[in-house]
$ cat input.cif   # mmCIF, N, CA and C atoms
data_work
loop_
_atom_site.label_atom_id
_atom_site.label_comp_id
_atom_site.auth_asym_id
_atom_site.auth_seq_id
_atom_site.Cartn_x
_atom_site.Cartn_y
_atom_site.Cartn_z
N MET A 1 177.61 -8.12 -66.52
CA MET A 1 177.29 -8.05 -65.10
C MET A 1 175.84 -7.59 -64.93
N LYS A 2 175.20 -8.14 -63.93
CA LYS A 2 173.83 -7.78 -63.61
C LYS A 2 173.80 -7.04 -62.28
N GLU A 3 172.77 -6.23 -62.09
CA GLU A 3 172.62 -5.47 -60.86
C GLU A 3 171.69 -6.20 -59.90
N PHE A 4 172.06 -6.15 -58.61
CA PHE A 4 171.27 -6.76 -57.56
C PHE A 4 171.19 -5.80 -56.39
N LEU A 5 170.11 -5.92 -55.63
CA LEU A 5 169.97 -5.17 -54.40
C LEU A 5 169.96 -6.18 -53.25
N LEU A 6 170.85 -5.96 -52.29
CA LEU A 6 170.87 -6.77 -51.08
C LEU A 6 170.19 -5.93 -50.00
N ILE A 7 169.02 -6.35 -49.58
CA ILE A 7 168.25 -5.63 -48.57
C ILE A 7 168.50 -6.31 -47.23
N ILE A 8 169.13 -5.57 -46.32
CA ILE A 8 169.53 -6.13 -45.04
C ILE A 8 168.39 -5.92 -44.03
N ARG A 9 167.98 -7.00 -43.41
CA ARG A 9 166.93 -6.94 -42.39
C ARG A 9 167.50 -7.51 -41.09
N ASN A 10 167.07 -6.91 -39.99
CA ASN A 10 167.51 -7.41 -38.70
C ASN A 10 166.50 -6.96 -37.65
N GLU A 11 166.66 -7.49 -36.43
CA GLU A 11 165.82 -7.02 -35.33
C GLU A 11 166.07 -5.53 -35.14
N ASN A 12 165.04 -4.82 -34.81
CA ASN A 12 165.15 -3.38 -34.66
C ASN A 12 166.23 -2.97 -33.67
N ASP A 13 166.40 -3.73 -32.61
CA ASP A 13 167.36 -3.35 -31.57
C ASP A 13 168.61 -4.22 -31.56
N ASN A 14 168.89 -4.96 -32.63
CA ASN A 14 170.03 -5.86 -32.64
C ASN A 14 171.35 -5.14 -32.37
N PHE A 15 171.58 -4.01 -33.01
CA PHE A 15 172.84 -3.28 -32.84
C PHE A 15 173.03 -2.83 -31.40
N THR A 16 171.95 -2.38 -30.77
CA THR A 16 172.07 -1.88 -29.39
C THR A 16 172.29 -3.02 -28.39
N LYS A 17 172.01 -4.26 -28.79
CA LYS A 17 172.26 -5.41 -27.93
C LYS A 17 173.75 -5.74 -27.86
N LEU A 18 174.52 -5.26 -28.82
CA LEU A 18 175.96 -5.53 -28.85
C LEU A 18 176.68 -4.63 -27.86
N SER A 19 177.77 -5.13 -27.30
CA SER A 19 178.60 -4.29 -26.45
C SER A 19 179.26 -3.21 -27.32
N SER A 20 179.81 -2.18 -26.71
CA SER A 20 180.45 -1.13 -27.51
C SER A 20 181.62 -1.70 -28.30
N GLU A 21 182.33 -2.65 -27.74
CA GLU A 21 183.44 -3.30 -28.48
C GLU A 21 182.91 -4.10 -29.67
N GLN A 22 181.83 -4.83 -29.47
CA GLN A 22 181.22 -5.59 -30.57
C GLN A 22 180.69 -4.65 -31.65
N GLN A 23 180.10 -3.53 -31.25
CA GLN A 23 179.62 -2.55 -32.24
C GLN A 23 180.78 -2.05 -33.09
N LYS A 24 181.90 -1.74 -32.44
CA LYS A 24 183.08 -1.27 -33.15
C LYS A 24 183.60 -2.35 -34.11
N GLN A 25 183.67 -3.60 -33.64
CA GLN A 25 184.13 -4.71 -34.48
C GLN A 25 183.21 -4.89 -35.69
N PHE A 26 181.91 -4.83 -35.43
CA PHE A 26 180.93 -4.97 -36.51
C PHE A 26 181.13 -3.89 -37.57
N LEU A 27 181.22 -2.63 -37.13
CA LEU A 27 181.39 -1.53 -38.08
C LEU A 27 182.70 -1.64 -38.85
N ASN A 28 183.76 -2.07 -38.18
CA ASN A 28 185.04 -2.27 -38.88
C ASN A 28 184.93 -3.36 -39.94
N LYS A 29 184.23 -4.45 -39.60
CA LYS A 29 184.06 -5.54 -40.58
C LYS A 29 183.19 -5.08 -41.75
N CYS A 30 182.21 -4.23 -41.48
CA CYS A 30 181.40 -3.67 -42.58
C CYS A 30 182.27 -2.83 -43.51
N GLU A 31 183.18 -2.04 -42.93
CA GLU A 31 184.07 -1.23 -43.75
C GLU A 31 184.96 -2.11 -44.63
N VAL A 32 185.46 -3.20 -44.09
CA VAL A 32 186.29 -4.13 -44.87
C VAL A 32 185.45 -4.78 -45.97
N TYR A 33 184.24 -5.20 -45.63
CA TYR A 33 183.32 -5.81 -46.60
C TYR A 33 183.08 -4.86 -47.77
N ILE A 34 182.81 -3.59 -47.46
CA ILE A 34 182.57 -2.58 -48.49
C ILE A 34 183.84 -2.34 -49.31
N LYS A 35 184.97 -2.22 -48.64
CA LYS A 35 186.23 -1.99 -49.34
C LYS A 35 186.55 -3.13 -50.31
N ASN A 36 186.33 -4.36 -49.86
CA ASN A 36 186.58 -5.51 -50.72
C ASN A 36 185.69 -5.50 -51.96
N MET A 37 184.42 -5.18 -51.78
CA MET A 37 183.51 -5.12 -52.94
C MET A 37 183.92 -4.00 -53.88
N LYS A 38 184.34 -2.86 -53.33
CA LYS A 38 184.79 -1.75 -54.18
C LYS A 38 186.03 -2.17 -54.97
N ASN A 39 186.99 -2.82 -54.31
CA ASN A 39 188.20 -3.27 -54.99
C ASN A 39 187.91 -4.27 -56.10
N GLU A 40 186.89 -5.09 -55.91
CA GLU A 40 186.49 -6.09 -56.91
C GLU A 40 185.53 -5.52 -57.94
N LYS A 41 185.23 -4.22 -57.82
CA LYS A 41 184.31 -3.52 -58.73
C LYS A 41 182.92 -4.18 -58.73
N LYS A 42 182.49 -4.60 -57.55
CA LYS A 42 181.18 -5.23 -57.38
C LYS A 42 180.18 -4.30 -56.71
N LEU A 43 180.65 -3.21 -56.11
CA LEU A 43 179.77 -2.33 -55.35
C LEU A 43 179.41 -1.09 -56.15
N ILE A 44 178.12 -0.82 -56.24
CA ILE A 44 177.63 0.42 -56.84
C ILE A 44 177.37 1.43 -55.74
N GLU A 45 176.67 0.98 -54.67
CA GLU A 45 176.30 1.88 -53.59
C GLU A 45 175.94 1.05 -52.36
N ALA A 46 176.16 1.62 -51.19
CA ALA A 46 175.77 0.98 -49.94
C ALA A 46 175.42 2.06 -48.94
N GLN A 47 174.35 1.87 -48.21
CA GLN A 47 173.92 2.85 -47.22
C GLN A 47 173.21 2.14 -46.07
N PRO A 48 173.52 2.52 -44.83
CA PRO A 48 172.70 2.07 -43.71
C PRO A 48 171.46 2.95 -43.64
N LEU A 49 170.44 2.45 -42.99
CA LEU A 49 169.21 3.23 -42.80
C LEU A 49 169.07 3.55 -41.32
N ALA A 50 168.66 4.77 -41.02
CA ALA A 50 168.40 5.17 -39.63
C ALA A 50 167.25 4.34 -39.08
N ARG A 51 167.26 4.15 -37.79
CA ARG A 51 166.22 3.34 -37.15
C ARG A 51 164.91 4.11 -36.96
N GLN A 52 164.89 5.40 -37.30
CA GLN A 52 163.67 6.18 -37.19
C GLN A 52 163.06 6.31 -38.59
N GLY A 53 161.77 6.53 -38.63
CA GLY A 53 161.10 6.73 -39.90
C GLY A 53 159.61 6.62 -39.77
N VAL A 54 158.94 6.72 -40.89
CA VAL A 54 157.48 6.70 -40.92
C VAL A 54 157.04 5.82 -42.08
N ILE A 55 155.98 5.08 -41.88
CA ILE A 55 155.33 4.32 -42.95
C ILE A 55 154.06 5.07 -43.30
N ILE A 56 153.91 5.40 -44.57
CA ILE A 56 152.67 6.06 -45.00
C ILE A 56 151.86 5.09 -45.84
N SER A 57 150.57 5.21 -45.77
CA SER A 57 149.67 4.40 -46.59
C SER A 57 148.42 5.22 -46.86
N GLY A 58 147.65 4.77 -47.82
CA GLY A 58 146.41 5.45 -48.15
C GLY A 58 146.39 5.89 -49.59
N SER A 59 145.38 6.66 -49.93
CA SER A 59 145.23 7.22 -51.27
C SER A 59 144.10 8.24 -51.25
N ASN A 60 143.96 8.95 -52.34
CA ASN A 60 142.88 9.94 -52.48
C ASN A 60 142.82 10.92 -51.31
N GLY A 61 143.99 11.33 -50.83
CA GLY A 61 144.03 12.32 -49.77
C GLY A 61 143.76 11.79 -48.38
N LYS A 62 143.53 10.51 -48.24
CA LYS A 62 143.31 9.89 -46.92
C LYS A 62 144.57 9.12 -46.55
N TRP A 63 145.44 9.76 -45.80
CA TRP A 63 146.74 9.20 -45.49
C TRP A 63 146.83 8.79 -44.04
N GLN A 64 147.58 7.73 -43.80
CA GLN A 64 147.91 7.28 -42.45
C GLN A 64 149.43 7.30 -42.33
N GLU A 65 149.91 7.73 -41.18
CA GLU A 65 151.35 7.72 -40.91
C GLU A 65 151.57 6.95 -39.61
N LYS A 66 152.48 5.98 -39.65
CA LYS A 66 152.81 5.18 -38.47
C LYS A 66 154.32 5.05 -38.37
N PRO A 67 154.85 5.06 -37.17
CA PRO A 67 156.28 4.78 -37.03
C PRO A 67 156.58 3.37 -37.53
N PHE A 68 157.62 3.22 -38.32
CA PHE A 68 157.91 1.88 -38.84
C PHE A 68 158.49 0.96 -37.79
N ASN A 69 159.02 1.48 -36.71
CA ASN A 69 159.67 0.62 -35.72
C ASN A 69 158.68 -0.11 -34.82
N GLU A 70 157.44 -0.12 -35.20
CA GLU A 70 156.46 -0.90 -34.45
C GLU A 70 156.72 -2.40 -34.60
N THR A 71 157.34 -2.77 -35.71
CA THR A 71 157.60 -4.18 -35.96
C THR A 71 158.93 -4.59 -35.34
N LYS A 72 159.09 -5.86 -35.15
CA LYS A 72 160.32 -6.38 -34.56
C LYS A 72 161.47 -6.34 -35.56
N GLU A 73 161.20 -6.58 -36.84
CA GLU A 73 162.24 -6.61 -37.86
C GLU A 73 162.15 -5.37 -38.75
N VAL A 74 163.30 -4.79 -39.06
CA VAL A 74 163.34 -3.61 -39.92
C VAL A 74 164.45 -3.76 -40.96
N GLN A 75 164.33 -2.99 -42.02
CA GLN A 75 165.43 -2.89 -42.98
C GLN A 75 166.48 -1.99 -42.36
N VAL A 76 167.70 -2.48 -42.28
CA VAL A 76 168.75 -1.70 -41.63
C VAL A 76 169.73 -1.11 -42.65
N GLY A 77 169.62 -1.51 -43.91
CA GLY A 77 170.50 -0.97 -44.93
C GLY A 77 170.38 -1.73 -46.23
N TYR A 78 171.18 -1.31 -47.19
CA TYR A 78 171.17 -1.99 -48.49
C TYR A 78 172.52 -1.88 -49.16
N TYR A 79 172.76 -2.80 -50.06
CA TYR A 79 173.93 -2.78 -50.94
C TYR A 79 173.42 -2.94 -52.36
N HIS A 80 173.81 -2.05 -53.23
CA HIS A 80 173.50 -2.13 -54.66
C HIS A 80 174.78 -2.67 -55.29
N ILE A 81 174.72 -3.89 -55.81
CA ILE A 81 175.94 -4.57 -56.26
C ILE A 81 175.85 -5.03 -57.71
N LEU A 82 176.99 -5.42 -58.23
CA LEU A 82 177.10 -6.06 -59.53
C LEU A 82 177.54 -7.50 -59.31
N ALA A 83 176.93 -8.43 -60.03
CA ALA A 83 177.32 -9.84 -59.95
C ALA A 83 177.03 -10.49 -61.30
N GLU A 84 177.72 -11.56 -61.57
CA GLU A 84 177.50 -12.29 -62.83
C GLU A 84 176.10 -12.88 -62.88
N ASP A 85 175.62 -13.39 -61.73
CA ASP A 85 174.31 -14.04 -61.67
C ASP A 85 173.83 -14.08 -60.22
N ILE A 86 172.67 -14.65 -60.02
CA ILE A 86 172.08 -14.70 -58.68
C ILE A 86 172.95 -15.48 -57.71
N ASP A 87 173.63 -16.52 -58.20
CA ASP A 87 174.47 -17.32 -57.32
C ASP A 87 175.64 -16.50 -56.77
N GLU A 88 176.25 -15.68 -57.61
CA GLU A 88 177.34 -14.83 -57.14
C GLU A 88 176.79 -13.77 -56.17
N ALA A 89 175.62 -13.22 -56.46
CA ALA A 89 175.01 -12.24 -55.57
C ALA A 89 174.72 -12.86 -54.19
N ILE A 90 174.28 -14.09 -54.17
CA ILE A 90 174.02 -14.81 -52.92
C ILE A 90 175.33 -15.01 -52.15
N ALA A 91 176.39 -15.38 -52.85
CA ALA A 91 177.69 -15.57 -52.20
C ALA A 91 178.18 -14.26 -51.58
N ILE A 92 177.99 -13.16 -52.29
CA ILE A 92 178.38 -11.86 -51.75
C ILE A 92 177.56 -11.55 -50.49
N ALA A 93 176.26 -11.83 -50.55
CA ALA A 93 175.39 -11.58 -49.39
C ALA A 93 175.80 -12.43 -48.19
N LYS A 94 176.18 -13.67 -48.41
CA LYS A 94 176.56 -14.56 -47.31
C LYS A 94 177.81 -14.09 -46.58
N ALA A 95 178.64 -13.28 -47.25
CA ALA A 95 179.86 -12.76 -46.63
C ALA A 95 179.60 -11.52 -45.78
N ASN A 96 178.36 -11.05 -45.72
CA ASN A 96 178.04 -9.83 -44.99
C ASN A 96 178.24 -10.03 -43.49
N PRO A 97 178.88 -9.06 -42.82
CA PRO A 97 179.13 -9.17 -41.38
C PRO A 97 177.88 -9.26 -40.50
N GLU A 98 176.71 -8.90 -41.02
CA GLU A 98 175.48 -9.01 -40.22
C GLU A 98 175.33 -10.41 -39.62
N PHE A 99 175.77 -11.43 -40.37
CA PHE A 99 175.58 -12.80 -39.92
C PHE A 99 176.53 -13.20 -38.79
N GLU A 100 177.62 -12.47 -38.61
CA GLU A 100 178.58 -12.78 -37.56
C GLU A 100 178.15 -12.24 -36.19
N PHE A 101 177.28 -11.25 -36.19
CA PHE A 101 176.98 -10.53 -34.95
C PHE A 101 175.53 -10.71 -34.51
N GLY A 102 175.00 -11.89 -34.67
CA GLY A 102 173.64 -12.16 -34.23
C GLY A 102 173.00 -13.20 -35.12
N THR A 103 171.88 -13.70 -34.66
CA THR A 103 171.20 -14.76 -35.41
C THR A 103 169.93 -14.28 -36.09
N SER A 104 169.61 -13.00 -35.97
CA SER A 104 168.34 -12.51 -36.51
C SER A 104 168.46 -11.87 -37.89
N ALA A 105 169.67 -11.75 -38.42
CA ALA A 105 169.85 -11.08 -39.71
C ALA A 105 169.29 -11.92 -40.86
N ARG A 106 168.71 -11.21 -41.81
CA ARG A 106 168.25 -11.81 -43.08
C ARG A 106 168.63 -10.84 -44.18
N ILE A 107 169.01 -11.38 -45.33
CA ILE A 107 169.32 -10.53 -46.47
C ILE A 107 168.49 -11.00 -47.65
N GLU A 108 167.75 -10.07 -48.19
CA GLU A 108 166.95 -10.32 -49.39
C GLU A 108 167.84 -10.01 -50.59
N VAL A 109 168.02 -10.97 -51.48
CA VAL A 109 168.84 -10.80 -52.69
C VAL A 109 167.89 -10.67 -53.86
N ARG A 110 167.85 -9.48 -54.48
CA ARG A 110 166.86 -9.21 -55.52
C ARG A 110 167.53 -8.67 -56.77
N PRO A 111 167.26 -9.27 -57.94
CA PRO A 111 167.74 -8.68 -59.18
C PRO A 111 167.05 -7.33 -59.41
N ILE A 112 167.78 -6.40 -59.97
CA ILE A 112 167.20 -5.09 -60.27
C ILE A 112 166.77 -5.09 -61.73
N LYS A 113 165.55 -4.69 -61.94
CA LYS A 113 165.00 -4.59 -63.29
C LYS A 113 165.46 -3.26 -63.88
N VAL A 114 166.22 -3.32 -64.95
CA VAL A 114 166.73 -2.09 -65.56
C VAL A 114 165.93 -1.68 -66.78
N LYS A 115 165.09 -2.60 -67.27
CA LYS A 115 164.32 -2.31 -68.49
C LYS A 115 162.99 -3.04 -68.44
N GLU A 116 161.95 -2.36 -68.91
CA GLU A 116 160.63 -3.01 -69.06
C GLU A 116 160.62 -3.72 -70.41
N GLU A 117 160.53 -5.02 -70.37
CA GLU A 117 160.58 -5.80 -71.61
C GLU A 117 159.39 -5.50 -72.53
N SER A 118 158.21 -5.28 -71.94
CA SER A 118 157.01 -5.10 -72.77
C SER A 118 157.00 -3.76 -73.51
N THR A 119 157.62 -2.73 -72.91
CA THR A 119 157.59 -1.40 -73.54
C THR A 119 158.95 -0.93 -74.03
N GLY A 120 160.03 -1.56 -73.54
CA GLY A 120 161.36 -1.13 -73.91
C GLY A 120 161.87 0.03 -73.07
N PHE A 121 161.06 0.50 -72.11
CA PHE A 121 161.47 1.63 -71.28
C PHE A 121 162.67 1.24 -70.42
N VAL A 122 163.72 2.05 -70.46
CA VAL A 122 164.91 1.83 -69.65
C VAL A 122 164.85 2.80 -68.47
N TYR A 123 164.94 2.24 -67.27
CA TYR A 123 164.89 3.07 -66.07
C TYR A 123 166.13 3.93 -65.96
N PRO A 124 165.98 5.19 -65.56
CA PRO A 124 167.13 6.10 -65.50
C PRO A 124 168.08 5.73 -64.37
N LYS A 125 169.35 6.06 -64.60
CA LYS A 125 170.39 5.88 -63.59
C LYS A 125 171.08 7.21 -63.35
N ILE A 126 171.54 7.41 -62.16
CA ILE A 126 172.33 8.60 -61.85
C ILE A 126 173.77 8.30 -62.27
N ASP A 127 174.34 9.18 -63.04
CA ASP A 127 175.72 8.98 -63.47
C ASP A 127 176.69 9.65 -62.56
#

$ encode --input "input.cif" --output "structure tokens"
Amino acid sequence: MKEFLLIIRNENDNFTKLSSEQQKQFLNKCEVYIKNMKNEKKLIEAQPLARQGVIISGSNGKWQEKPFNETKEVQVGYYHILAEDIDEAIAIAKANPEFEFGTSARIEVRPIKVKEESTGFVYPKID
């Protein structure tokens, strides 16, 4: 099995556009989605991200801080999953409830690099 990160992107205010009933339905479907992945031993970790935050940039002691919500699209969460290959990871991503509750959702499916081939360095994992 290989590790993948599903990075969930959506409009910054997409969730607030839903009615309270739709919000509840969405969250329930997310819970089912997570439970199914756990039962299939495909889920390592999943976390939503708060809509507040800061983007920092700069170097050499010259830092800039800006609220990240200046942009229309934000990362709203992630899933760290196990899949046989990129095709299975894509299929898992397509089942995400984000796509049922709006048209602005995008999911970035990225393989996780666990080892540097040139040096042999293995990135640490929390056990």

$ atom_distance --input "input.cif" --atom1 "atom CA of Glu88 of chain A" --atom2 "atom N of Pro48 of chain A"
21.6 Å

$ resolve_selection --input "input.cif" --expression "the PyMOL selection byres (((chain A and resi 14 and name CA) around 12) and name CA)" --output "PDB file with N, CA and C atoms, keeping the file's coordinate frame"
ATOM      1  N   ARG A   9     167.980  -7.000 -43.410  1.00  0.00           N
ATOM      2  CA  ARG A   9     166.930  -6.940 -42.390  1.00  0.00           C
ATOM      3  C   ARG A   9     167.500  -7.510 -41.090  1.00  0.00           C
ATOM      4  N   ASN A  10     167.070  -6.910 -39.990  1.00  0.00           N
ATOM      5  CA  ASN A  10     167.510  -7.410 -38.700  1.00  0.00           C
ATOM      6  C   ASN A  10     166.500  -6.960 -37.650  1.00  0.00           C
ATOM      7  N   GLU A  11     166.660  -7.490 -36.430  1.00  0.00           N
ATOM      8  CA  GLU A  11     165.820  -7.020 -35.330  1.00  0.00           C
ATOM      9  C   GLU A  11     166.070  -5.530 -35.140  1.00  0.00           C
ATOM     10  N   ASN A  12     165.040  -4.820 -34.810  1.00  0.00           N
ATOM     11  CA  ASN A  12     165.150  -3.380 -34.660  1.00  0.00           C
ATOM     12  C   ASN A  12     166.230  -2.970 -33.670  1.00  0.00           C
ATOM     13  N   ASP A  13     166.400  -3.730 -32.610  1.00  0.00           N
ATOM     14  CA  ASP A  13     167.360  -3.350 -31.570  1.00  0.00           C
ATOM     15  C   ASP A  13     168.610  -4.220 -31.560  1.00  0.00           C
ATOM     16  N   PHE A  15     171.580  -4.010 -33.010  1.00  0.00           N
ATOM     17  CA  PHE A  15     172.840  -3.280 -32.840  1.00  0.00           C
ATOM     18  C   PHE A  15     173.030  -2.830 -31.400  1.00  0.00           C
ATOM     19  N   THR A  16     171.950  -2.380 -30.770  1.00  0.00           N
ATOM     20  CA  THR A  16     172.070  -1.880 -29.390  1.00  0.00           C
ATOM     21  C   THR A  16     172.290  -3.020 -28.390  1.00  0.00           C
ATOM     22  N   LYS A  17     172.010  -4.260 -28.790  1.00  0.00           N
ATOM     23  CA  LYS A  17     172.260  -5.410 -27.930  1.00  0.00           C
ATOM     24  C   LYS A  17     173.750  -5.740 -27.860  1.00  0.00           C
ATOM     25  N   LEU A  18     174.520  -5.260 -28.820  1.00  0.00           N
ATOM     26  CA  LEU A  18     175.960  -5.530 -28.850  1.00  0.00           C
ATOM     27  C   LEU A  18     176.680  -4.630 -27.860  1.00  0.00           C
ATOM     28  N   SER A  19     177.770  -5.130 -27.300  1.00  0.00           N
ATOM     29  CA  SER A  19     178.600  -4.290 -26.450  1.00  0.00           C
ATOM     30  C   SER A  19     179.260  -3.210 -27.320  1.00  0.00           C
ATOM     31  N   GLN A  22     181.830  -4.830 -29.470  1.00  0.00           N
ATOM     32  CA  GLN A  22     181.220  -5.590 -30.570  1.00  0.00           C
ATOM     33  C   GLN A  22     180.690  -4.650 -31.650  1.00  0.00           C
ATOM     34  N   GLN A  23     180.100  -3.530 -31.250  1.00  0.00           N
ATOM     35  CA  GLN A  23     179.620  -2.550 -32.240  1.00  0.00           C
ATOM     36  C   GLN A  23     180.780  -2.050 -33.090  1.00  0.00           C
ATOM     37  N   PHE A  26     181.910  -4.830 -35.430  1.00  0.00           N
ATOM     38  CA  PHE A  26     180.930  -4.970 -36.510  1.00  0.00           C
ATOM     39  C   PHE A  26     181.130  -3.890 -37.570  1.00  0.00           C
ATOM     40  N   ARG A  51     167.260   4.150 -37.790  1.00  0.00           N
ATOM     41  CA  ARG A  51     166.220   3.340 -37.150  1.00  0.00           C
ATOM     42  C   ARG A  51     164.910   4.110 -36.960  1.00  0.00           C
ATOM     43  N   LYS A  72     159.090  -5.860 -35.150  1.00  0.00           N
ATOM     44  CA  LYS A  72     160.320  -6.380 -34.560  1.00  0.00           C
ATOM     45  C   LYS A  72     161.470  -6.340 -35.560  1.00  0.00           C
ATOM     46  N   GLU A  73     161.200  -6.580 -36.840  1.00  0.00           N
ATOM     47  CA  GLU A  73     162.240  -6.610 -37.860  1.00  0.00           C
ATOM     48  C   GLU A  73     162.150  -5.370 -38.750  1.00  0.00           C
ATOM     49  N   VAL A  74     163.300  -4.790 -39.060  1.00  0.00           N
ATOM     50  CA  VAL A  74     163.340  -3.610 -39.920  1.00  0.00           C
ATOM     51  C   VAL A  74     164.450  -3.760 -40.960  1.00  0.00           C
ATOM     52  N   GLN A  75     164.330  -2.990 -42.020  1.00  0.00           N
ATOM     53  CA  GLN A  75     165.430  -2.890 -42.980  1.00  0.00           C
ATOM     54  C   GLN A  75     166.480  -1.990 -42.360  1.00  0.00           C
ATOM     55  N   VAL A  76     167.700  -2.480 -42.280  1.00  0.00           N
ATOM     56  CA  VAL A  76     168.750  -1.700 -41.630  1.00  0.00           C
ATOM     57  C   VAL A  76     169.730  -1.110 -42.650  1.00  0.00           C
ATOM     58  N   GLU A  98     176.710  -8.900 -41.020  1.00  0.00           N
ATOM     59  CA  GLU A  98     175.480  -9.010 -40.220  1.00  0.00           C
ATOM     60  C   GLU A  98     175.330 -10.410 -39.620  1.00  0.00           C
ATOM     61  N   PHE A  99     175.770 -11.430 -40.370  1.00  0.00           N
ATOM     62  CA  PHE A  99     175.580 -12.800 -39.920  1.00  0.00           C
ATOM     63  C   PHE A  99     176.530 -13.200 -38.790  1.00  0.00           C
ATOM     64  N   PHE A 101     177.280 -11.250 -36.190  1.00  0.00           N
ATOM     65  CA  PHE A 101     176.980 -10.530 -34.950  1.00  0.00           C
ATOM     66  C   PHE A 101     175.530 -10.710 -34.510  1.00  0.00           C
ATOM     67  N   GLY A 102     175.000 -11.890 -34.670  1.00  0.00           N
ATOM     68  CA  GLY A 102     173.640 -12.160 -34.230  1.00  0.00           C
ATOM     69  C   GLY A 102     173.000 -13.200 -35.120  1.00  0.00           C
ATOM     70  N   THR A 103     171.880 -13.700 -34.660  1.00  0.00           N
ATOM     71  CA  THR A 103     171.200 -14.760 -35.410  1.00  0.00           C
ATOM     72  C   THR A 103     169.930 -14.280 -36.090  1.00  0.00           C
ATOM     73  N   SER A 104     169.610 -13.000 -35.970  1.00  0.00           N
ATOM     74  CA  SER A 104     168.340 -12.510 -36.510  1.00  0.00           C
ATOM     75  C   SER A 104     168.460 -11.870 -37.890  1.00  0.00           C
ATOM     76  N   ALA A 105     169.670 -11.750 -38.420  1.00  0.00           N
ATOM     77  CA  ALA A 105     169.850 -11.080 -39.710  1.00  0.00           C
ATOM     78  C   ALA A 105     169.290 -11.920 -40.860  1.00  0.00           C
TER      79      ALA A 105
END

$ atom_distance --input "input.cif" --atom1 "atom N of Ile44 of chain A" --atom2 "atom CA of Tyr79 of chain A"
7.0 Å

$ residues_around --input "input.cif" --residues "Gln52 of chain A" --least-positions-apart "2" --cutoff "7 Å" --atoms "only N, CA and C atoms" --output "list in words"
Leu49, Ala50, Val54, Phe68 and Asn69 of chain A

$ residues_around --input "input.cif" --residues "Met1 of chain A" --least-positions-apart "6" --cutoff "10 Å" --atoms "only C-alpha atoms" --output "ChimeraX atom specification"
/A:42,81-85

$ resolve_selection --input "input.cif" --expression "the PyMOL selection byres ((chain A and resi 7) around 6.5)" --output "list in words"
Leu5, Leu6, Ile8, Arg9, Gln75, Val76, Gly77, Tyr78, Tyr79, Arg106, Ile107, Glu108, Val109 and Arg110 of chain A

$ select_by_dssp --input "input.cif" --residues "segment 47-116 of chain A" --states "strand (DSSP E or B)" --output "PyMOL selection string"
chain A and resi 47-48+54-59+62-67+73-83+106-111+115

$ select_by_dssp --input "input.cif" --residues "chain A" --states "alpha helix (DSSP H)" --output "ChimeraX atom specification"
/A:14-17,20-39,86-94

$ residues_around --input "input.cif" --residues "Gln64 of chain A" --least-positions-apart "4" --cutoff "10 Å" --atoms "only C-alpha atoms" --output "list in words"
Val54, Ile55, Ile56, Ser57, Gly58 and Ser59 of chain A

$ closest_residue --input "input.cif" --among "A:Tyr123, A:Ser118, A:His80, A:Ala93" --to "Leu43 of chain A" --atoms "all atoms listed in the file"
A:His80

$ atom_distance --input "input.cif" --atom1 "atom N of Phe4 of chain A" --atom2 "atom CA of Ile92 of chain A"
10.9 Å

$ axis_aligned_box --input "input.cif" --around "segment 39-56 of chain A" --padding-each-side "5 Å" --output "JSON"
{"center_x": 170.0, "center_y": 0.3, "center_z": -47.8, "size_x": 46.3, "size_y": 22.8, "size_z": 31.8}

$ closest_residue --input "input.cif" --among "A:Pro124, A:Pro97, A:Gly61, A:Gly53" --to "Tyr33 of chain A" --atoms "only N, CA and C atoms"
A:Pro97
